[in-house]
Amino acid sequence: MEYYRLLLLSVLLTGVAFGAVGHVNATQNGGNADPFAEAGLDQEAQVGDIVLLDGGGSRSPAGGLATYEWRIETPEGNSQVPSCDDCVQTEFVPDREGVYTVRLTVTDEHGRTDTDAMYVSVGQSPAPAVTVSGSSNPLVDDQISYTATVESGTTPINGIEWRIDGAVIERDPEFDGGTHTLVREFSSSGERTVEATVSDEANRSASDDLTVSVREDSARPSPSAPTATVEGDQLVTGQQPLEGEYRIAGSDSDEFGSIRWYDENNQLGIGEQMTVDWEPGTHQLYALADHDGSTRRITFSDGDEVVADPVPDVELDLDRDGTDVMGQVVATDKFGSLENVSVYVGDDPVVTTTLDPADNRSTYEHEFSAALPRDDSRTEIRAVATDARGQATTDSTDQGQPELIDSGFVNTPVDSYHERLDEERYTAVHEIEIALNGEDPSEVPSIEYLKDSGLIEIKEVPNEYDSTTDTLTIRTEWAGKYPKDYILGFQMGNKAAGSSKFEVTPSPPEVHIDFVDSGADSHDRGYLVQIDVSDSFDPDGMGFKFNVADRDRTYSEDDLIGIEFSDTPKLVASDPMGRSTTYELDLYDFYVPQIDEMTEVSEDPYESGDVVLIDVRTEDYQIASPEYDLNVDLEIKNGEGVIESWRMVDPEPSAKDTSNVARQNAVKYYTGRVAIDAESFTHGADPVIVVSNPERSDEAYHSRQISGIDGIMPKPRNVEVKNIEYTVDTVIREVTATSRNERMSLEGAGYKLDSTSTVTESVELEKRETETTYSTETREFDSEYERDRFTTMRSDWSTAGDDTRTVIDRVSAWENSHYGADGRFTGHTRTITKYPHRSSVPRPKTVTQYKYTRTVSESKQTYVAQSTTSETNVSWVTQGETTAVGGAYRRASQSGNLRIGKTTKSTTWELSKEVRHRTTVALYDDPSYVQETSGTVHGELLEYPYTQRRHGNTDLKFDEFSVDATASGLRSENELITAVVGENDGLNADCQSVYEGVC
């Protein structure tokens, strides 16, 4: 037997060992094992406590954990978000009593998950307590100290307030517990109540007061204290600024010395009167007045409270699609007493909301839609916001079909159309002003114009919309071919809208003169001026003729007109309607002498910064009229330069020859010198010299291009920097990790975490669904009395009749013999010793017995009691995933039957690492680390030889250059280019161009 027991022990020990070995193997070969979530032990806390959550005990046999997700269910079944819902460690603050269910779900690198739950039982923390102590029988004018002793419980104290007879005397929002002292003097005798109130961060408060009997000192006279109160606006309403006016009133108010006004936070000012601009809210106002060495607190007769309640604001934002209106109404009340918001389309309400006093009544937003009448009527859409005091604000707009306000031409009359006239002379501007009545400007019906004969549409100007008046102005520009009145009709959509008229008035001939000869010797009577008028025209298209108003000369039908005179010329152009244009002495405004010579007086070659000197001389000219003083201007175009000199050469007559004829015979010319930058000749087109008459510089001018200038040094063009590099000493390398493993790997490589950014990409909304199941429990009794007694004592049980059933049982018995034994022999035997009954000489007898088993059945009547119970199960069913995260959280917070389920988030980690070594890089991270900048400056050299320019080739490449430049510090590409093609600034440039002017 001992050997058997030893063998059994060995087998048991072996089984334990094998079990341990199997567990280790499962851990080592855990590639298929699920992770293990550990949310921590259950906790107990109080309202307002910070509850710390730690999932650091979670693990994954298959490797690292990829994500952590915390979910908190409040006692009401709502969701609460911890400070970080995907961190290993996080926290939350419970705001009510009950049991909070905290679930932690972990996911490993293979996507397998596990969830663990823990429970936080939250109770109400002890409220603060305060006790006020101090003298209860002080003397008048004695300084008395009163002390508040505060016990804060488990929630920190966040302030104390002292009151005397209900009026606030002192506030200390920085007080955080312990003891606080108030020093006070009483200026008159009588009973006072000194009260201290403390509050904690859970918004709970406690108060204690002390009744004080202030008595007169019999050794001192008792002066009578002056009586006074504050009078003014205790309720300030209406539009901001909320201005209240206050003064000290009372029969003895003039007996006070200094009077200082205070609100709940600051001193407002001094004096017997005070005007205050209140911010919306409930405020405190009182005055401290000095009298006979003491200070008295003066308030309103019923306290120190001022209520500033502005009228609410309301705003309509509408969109139109034909007759369909979509809009949003936004109402705000800075006092937080918004009560009703309504929107009306005409007289029909489409939004009527009365806010629940338990809700936030500072802001209300609502979207709505409505249909406008399809006729031309205008419908007012208005929003009305009303607060609890009945103050109302309205925002309204008229909506309807677009409506014509006005139309017409704004600048009639104009000249006839002619392509050679200035556009402003013949352009008539037509305007149509439309009241949109809320319609979108882009949806206005098109305008169809009905044009009169001879009417020309020049162009359509972009429409102009005025949002302040909701009007649209449509502008078009028109012209008439001939002088007359023109009618322009138009339609808006399918409706006849109107017509407008503008006048085209006749215009005199437009005379353009080109001088053929400014004055040639004809005969003894004077000089012949010859002009070309072939470029003249009549804007009205009626034709015209020239007349020469000279006593010796009449006009012939030729474009070349000769005018012979002895003093002043006169030329008249007239059309058949009698309109004319006349030129007399101003005829010479069309004249300018031509350039006769241009001579290069400087010597080549020219380098950068040099100038080319050109002498300019006009042709000789004679002016027939000595009264006209001809002025000629000189300028340089298509190049940079200056006019060094420019003058008229006029031979002086002799002292004896002063007649007009002598002056007319004088031959004059202009001469001067220009200095042109040499680089102006390297850009393809050469500079141009222009002489002009300043009276008509747009018509009377002559120009000549300067050509044949050789020796211009080639200049670098198409310069660029290639292979720019930066030598850096210290580099901050910044990387972004998109997974925790990547972040841990980077941190292991020496990177430090700079910032973490988590974005919620999508959430699943879950809906609460309840299911009630019913179960019936029965009990059987052997007697009806026992059952009835049982149901009488238990109200949730009832009788359920009786039942008869067959009871089958298996019994065992020891038989003395196999013969006649009933049942089945089990194989067990026993030996017993039997002693004879009452034998004087006991003679025991040994008997062998045999164990038999048999089945026995019998019918049994039972009495049944039953109890029916119900069980309600709550489940959360997903409603789908959405990327509108903010809206999902708002819906979940506003409904007790919705909550946030699965949350999909993406987290990125910004890490950086400082590497301290010198290297050459193409891009730098920090400008302060750049020690040296280098690069290859490459470009082309271009020149423009005269022989090439004459044949039109103005882009001849002369050479190429390449420079390796290196500079200390950070340099831009332009700095490297300037160093190579400009003056030497100390760079080490190894120029490889054969052209010495560059390298």
# chains A, B, ... in the order shown; residues from 1 in each chain; ligands from 1

$ residues_around --residues "Ile434 of chain A" --least-positions-apart "2" --cutoff "7 Å" --atoms "only C-alpha atoms" --output "list in words"
Pro402, Glu403, Leu404, Ile405, Ile432, Leu436, Thr471, Leu472 and Thr473 of chain A

$ select_by_dssp --residues "segment 284-519 of chain A" --states "strand (DSSP E)" --output "count of residues only"
149

$ select_by_dssp --residues "segment 375-585 of chain A" --states "alpha helix (DSSP H)" --output "list in words"
Glu423, Glu424, Arg425 and Tyr426 of chain A

$ atom_distance --atom1 "atom CA of Ala435 of chain A" --atom2 "atom CA of Thr394 of chain A"
22.1 Å

$ atom_distance --atom1 "atom CA of Gln399 of chain A" --atom2 "atom CA of Glu380 of chain A"
6.0 Å

$ closest_residue --among "A:Thr855, A:Asn816, A:Ser121, A:Thr727" --to "Ser968 of chain A" --atoms "only C-alpha atoms"
A:Thr727

$ residues_around --residues "Gln594 of chain A" --least-positions-apart "4" --cutoff "7 Å" --atoms "only C-alpha atoms" --output "ChimeraX atom specification"
/A:618-619,702

$ write_last_selection --atoms "N, CA and C atoms" --output "PDB file, in the first residue's frame"
ATOM      1  N   THR A 618      19.380 118.837 -86.201  1.00  0.00           N
ATOM      2  CA  THR A 618      18.203 118.790 -87.065  1.00  0.00           C
ATOM      3  C   THR A 618      18.513 119.458 -88.399  1.00  0.00           C
ATOM      4  N   GLU A 619      17.577 119.312 -89.322  1.00  0.00           N
ATOM      5  CA  GLU A 619      17.677 120.034 -90.589  1.00  0.00           C
ATOM      6  C   GLU A 619      17.456 121.531 -90.352  1.00  0.00           C
ATOM      7  N   HIS A 702       9.680 113.259 -84.971  1.00  0.00           N
ATOM      8  CA  HIS A 702      10.530 112.542 -85.928  1.00  0.00           C
ATOM      9  C   HIS A 702      11.536 111.736 -85.120  1.00  0.00           C
TER      10      HIS A 702
END

$ residues_around --residues "Arg810 of chain A" --least-positions-apart "3" --cutoff "9 Å" --atoms "only C-alpha atoms" --output "PyMOL selection string"
chain A and resi 853-857

$ write_last_selection --atoms "N, CA and C atoms" --output "mmCIF file, in the first residue's frame"
data_model
loop_
_atom_site.group_PDB
_atom_site.id
_atom_site.type_symbol
_atom_site.label_atom_id
_atom_site.label_comp_id
_atom_site.auth_asym_id
_atom_site.auth_seq_id
_atom_site.Cartn_x
_atom_site.Cartn_y
_atom_site.Cartn_z
ATOM 1 N N THR A 853 -27.411 -4.075 -6.532
ATOM 2 C CA THR A 853 -28.127 -2.811 -6.817
ATOM 3 C C THR A 853 -29.332 -3.119 -7.682
ATOM 4 N N ARG A 854 -30.422 -2.310 -7.446
ATOM 5 C CA ARG A 854 -31.636 -2.487 -8.246
ATOM 6 C C ARG A 854 -32.341 -1.143 -8.389
ATOM 7 N N THR A 855 -33.174 -1.068 -9.437
ATOM 8 C CA THR A 855 -33.922 0.159 -9.741
ATOM 9 C C THR A 855 -35.304 0.049 -9.151
ATOM 10 N N VAL A 856 -35.712 1.130 -8.432
ATOM 11 C CA VAL A 856 -37.009 1.164 -7.781
ATOM 12 C C VAL A 856 -37.777 2.360 -8.323
ATOM 13 N N SER A 857 -39.003 2.217 -8.726
ATOM 14 C CA SER A 857 -39.829 3.327 -9.209
ATOM 15 C C SER A 857 -41.110 3.373 -8.398
#

$ residues_around --residues "segment 505-519 of chain A" --least-positions-apart "4" --cutoff "9 Å" --atoms "only C-alpha atoms" --output "VMD selection string"
chain A and resid 413 to 416 421 482 to 485 527 to 540 543 to 544 560 573 to 575 577 to 582 587 to 588 590 to 593 621 to 625 664 699 to 700

$ atom_distance --atom1 "atom CA of Lys913 of chain A" --atom2 "atom CA of Glu932 of chain A"
22.0 Å

$ closest_residue --among "A:Glu38, A:Glu597, A:Glu170, A:Glu477" --to "Asn266 of chain A" --atoms "only C-alpha atoms"
A:Glu170
